[in-house]
Amino acid sequence: MPEFSFFTAPGNALGAALAGLFGLLIGSFLNVVIYRMPKMMQRESDNYVAHESGRNLPHTDRFDLMLPRSACPHCGHRIGALENIPVISYLVLRGKCASCHAPISARYPVIELLTGALSALLIWRFGGGLAGLSTLLFAYLLIAMTFIDADTQLLPDDLTLPLLWAGLLVNLNGTFVPLPDAVIGAAAGYLALWAIYWLFKFATGKEGMGYGDFKLLAALGAWLGWGMLPAIILLSSVVGAAVGIFLIVFTRRGRDNPIPFGPYLAAAGMIALLYGKYITENALGFLL
């Protein structure tokens, strides 16, 4: 029993290393989620519209997170097990398809490395017990949502709602915050961005964000409590403004081009999970 406690305690290098390796594998799966989930949503929407209008369904083949097997989008080459080893396969193949030698996006190993690094950091920080393992779920869902939103400006309910309910369940026994703080955090997180959305719409006639952003902030509130919401909103706004200015100045992105807010909320949520208490305590001390 003492040995098990040592293994699950925060600051354990072996536990962090194993979590990092596990994270690399999960990162490979997250690449599939990021690529396929928007397509699954579109296919479902297409089939629904066709069904309602009495037309033949345009998509009848199986397409989900398991099937069909991953293949090169250029030549259709089926990716074998040895070609799907996180990071290593990309390096061995020199970033090219084994069959047609078309370039493979560097984002695939980047997501794998990001997932592995965060997994190691979180287990090092929180240990391998309930708190540490739950933060892995928190990170994996945020990573998937970050890249899906960056690609499509969508935050799927299939990701935001499980994150919200998981936060409430994890805090049943006050793992991160007392349950009342988590419930209020979920409600306040949703209503805060909902109010901003309508104020902006009344003032400008435009929609400044999507409903997925409301649900994501609600989920962050469920995990971290209502007291962390101001820090999350401030952090996400500052990072979002900085990135937006950079894109406008250096990439000539038009001011009217929408910039997804989900990635900045996700980044702020991860920072708040790791360093939120330090940030809020020092900010409060500074203000006082």
# chains A, B, ... in the order shown; residues from 1 in each chain; ligands from 1
$ residues_around --residues "Ala144 of chain A" --least-positions-apart "4" --cutoff "8 Å" --atoms "only C-alpha atoms" --output "CSV table (one decimal) with all heavy atoms, in the first residue's frame"
chain,number,residue,atom,x,y,z
A,30,LEU,N,-6.5,11.7,-30.5
A,30,LEU,CA,-7.1,13.0,-30.6
A,30,LEU,C,-7.0,13.6,-32.0
A,30,LEU,O,-7.9,14.4,-32.5
A,30,LEU,CB,-6.5,14.0,-29.6
A,30,LEU,CG,-6.7,13.7,-28.1
A,30,LEU,CD1,-6.1,14.8,-27.3
A,30,LEU,CD2,-8.3,13.7,-27.9
A,31,ASN,N,-5.9,13.3,-32.7
A,31,ASN,CA,-5.8,13.7,-34.1
A,31,ASN,C,-7.0,13.2,-35.0
A,31,ASN,O,-7.5,13.8,-35.8
A,31,ASN,CB,-4.5,13.2,-34.7
A,31,ASN,CG,-3.3,14.1,-34.4
A,31,ASN,OD1,-3.4,15.3,-34.5
A,31,ASN,ND2,-2.2,13.5,-34.1
A,33,VAL,N,-10.0,12.4,-33.7
A,33,VAL,CA,-11.2,13.1,-33.2
A,33,VAL,C,-11.3,14.4,-33.9
A,33,VAL,O,-12.3,14.9,-34.4
A,33,VAL,CB,-11.1,13.2,-31.7
A,33,VAL,CG1,-12.3,14.1,-31.2
A,33,VAL,CG2,-11.2,11.9,-31.0
A,34,ILE,N,-10.1,15.2,-33.9
A,34,ILE,CA,-10.1,16.5,-34.5
A,34,ILE,C,-10.5,16.5,-35.9
A,34,ILE,O,-11.2,17.4,-36.4
A,34,ILE,CB,-8.7,17.2,-34.2
A,34,ILE,CG1,-8.5,17.4,-32.7
A,34,ILE,CG2,-8.6,18.5,-35.0
A,34,ILE,CD1,-7.1,17.7,-32.3
A,140,TYR,N,-7.5,16.5,-22.3
A,140,TYR,CA,-7.7,15.8,-23.6
A,140,TYR,C,-8.9,16.5,-24.3
A,140,TYR,O,-8.9,16.7,-25.5
A,140,TYR,CB,-7.9,14.3,-23.4
A,140,TYR,CG,-6.8,13.6,-22.8
A,140,TYR,CD1,-6.9,12.4,-22.2
A,140,TYR,CD2,-5.5,14.1,-22.9
A,140,TYR,CE1,-5.8,11.7,-21.6
A,140,TYR,CE2,-4.4,13.5,-22.3
A,140,TYR,CZ,-4.6,12.3,-21.7
A,140,TYR,OH,-3.5,11.6,-21.1
A,148,ILE,N,-10.4,21.7,-33.1
A,148,ILE,CA,-11.7,21.7,-33.9
A,148,ILE,C,-12.2,23.1,-34.0
A,148,ILE,O,-12.6,23.5,-35.1
A,148,ILE,CB,-12.7,20.8,-33.2
A,148,ILE,CG1,-12.3,19.3,-33.3
A,148,ILE,CG2,-14.1,21.0,-33.8
A,148,ILE,CD1,-13.2,18.4,-32.5
$ residues_around --residues "segment 226-231 of chain A" --least-positions-apart "3" --cutoff "9 Å" --atoms "only C-alpha atoms" --output "VMD selection string"
chain A and resid 181 to 189 217 220 to 222 234 to 236 268 272 276 to 277 279 to 280
$ write_last_selection --atoms "N, CA and C atoms" --output "mmCIF file, in the first residue's frame"
data_model
loop_
_atom_site.group_PDB
_atom_site.id
_atom_site.type_symbol
_atom_site.label_atom_id
_atom_site.label_comp_id
_atom_site.auth_asym_id
_atom_site.auth_seq_id
_atom_site.Cartn_x
_atom_site.Cartn_y
_atom_site.Cartn_z
ATOM 1 N N ASP A 181 -19.869 25.517 -5.283
ATOM 2 C CA ASP A 181 -19.064 26.429 -6.102
ATOM 3 C C ASP A 181 -19.025 25.960 -7.554
ATOM 4 N N ALA A 182 -18.989 24.642 -7.747
ATOM 5 C CA ALA A 182 -18.957 24.091 -9.099
ATOM 6 C C ALA A 182 -20.280 24.335 -9.825
ATOM 7 N N VAL A 183 -21.394 24.121 -9.125
ATOM 8 C CA VAL A 183 -22.708 24.327 -9.740
ATOM 9 C C VAL A 183 -22.907 25.800 -10.098
ATOM 10 N N ILE A 184 -22.572 26.679 -9.156
ATOM 11 C CA ILE A 184 -22.692 28.117 -9.431
ATOM 12 C C ILE A 184 -21.730 28.512 -10.551
ATOM 13 N N GLY A 185 -20.537 27.911 -10.558
ATOM 14 C CA GLY A 185 -19.570 28.212 -11.606
ATOM 15 C C GLY A 185 -20.087 27.833 -12.985
ATOM 16 N N ALA A 186 -20.763 26.681 -13.078
ATOM 17 C CA ALA A 186 -21.325 26.259 -14.365
ATOM 18 C C ALA A 186 -22.396 27.235 -14.836
ATOM 19 N N ALA A 187 -23.300 27.604 -13.920
ATOM 20 C CA ALA A 187 -24.375 28.530 -14.294
ATOM 21 C C ALA A 187 -23.824 29.921 -14.612
ATOM 22 N N ALA A 188 -22.923 30.410 -13.771
ATOM 23 C CA ALA A 188 -22.376 31.756 -13.974
ATOM 24 C C ALA A 188 -21.521 31.819 -15.231
ATOM 25 N N GLY A 189 -20.777 30.739 -15.513
ATOM 26 C CA GLY A 189 -19.953 30.722 -16.719
ATOM 27 C C GLY A 189 -20.802 30.832 -17.969
ATOM 28 N N LEU A 217 -17.226 27.749 -21.221
ATOM 29 C CA LEU A 217 -16.956 28.482 -19.979
ATOM 30 C C LEU A 217 -17.764 27.895 -18.826
ATOM 31 N N LEU A 220 -15.762 24.973 -17.655
ATOM 32 C CA LEU A 220 -14.608 25.409 -16.864
ATOM 33 C C LEU A 220 -15.044 25.842 -15.470
ATOM 34 N N GLY A 221 -16.206 26.500 -15.388
ATOM 35 C CA GLY A 221 -16.735 26.877 -14.084
ATOM 36 C C GLY A 221 -17.104 25.675 -13.241
ATOM 37 N N ALA A 222 -17.599 24.604 -13.897
ATOM 38 C CA ALA A 222 -17.946 23.384 -13.165
ATOM 39 C C ALA A 222 -16.699 22.720 -12.589
ATOM 40 N N LEU A 234 -10.459 36.983 -18.091
ATOM 41 C CA LEU A 234 -9.395 37.965 -18.312
ATOM 42 C C LEU A 234 -8.245 37.362 -19.100
ATOM 43 N N LEU A 235 -7.799 36.171 -18.700
ATOM 44 C CA LEU A 235 -6.691 35.517 -19.401
ATOM 45 C C LEU A 235 -7.046 35.240 -20.857
ATOM 46 N N SER A 236 -8.236 34.712 -21.093
ATOM 47 C CA SER A 236 -8.621 34.373 -22.462
ATOM 48 C C SER A 236 -8.761 35.627 -23.317
ATOM 49 N N ALA A 268 -6.810 29.404 -21.269
ATOM 50 C CA ALA A 268 -7.003 30.055 -19.976
ATOM 51 C C ALA A 268 -7.459 29.053 -18.917
ATOM 52 N N ALA A 272 -5.510 28.249 -15.529
ATOM 53 C CA ALA A 272 -6.209 28.399 -14.255
ATOM 54 C C ALA A 272 -6.148 27.116 -13.432
ATOM 55 N N GLY A 276 -4.096 28.809 -11.146
ATOM 56 C CA GLY A 276 -5.175 29.746 -10.874
ATOM 57 C C GLY A 276 -5.125 30.347 -9.484
ATOM 58 N N LYS A 277 -4.877 29.520 -8.470
ATOM 59 C CA LYS A 277 -4.856 30.039 -7.097
ATOM 60 C C LYS A 277 -3.729 31.049 -6.918
ATOM 61 N N ILE A 279 -2.413 32.915 -9.277
ATOM 62 C CA ILE A 279 -2.739 34.122 -10.036
ATOM 63 C C ILE A 279 -3.769 34.973 -9.285
ATOM 64 N N THR A 280 -4.833 34.345 -8.800
ATOM 65 C CA THR A 280 -5.879 35.093 -8.127
ATOM 66 C C THR A 280 -5.396 35.691 -6.811
#
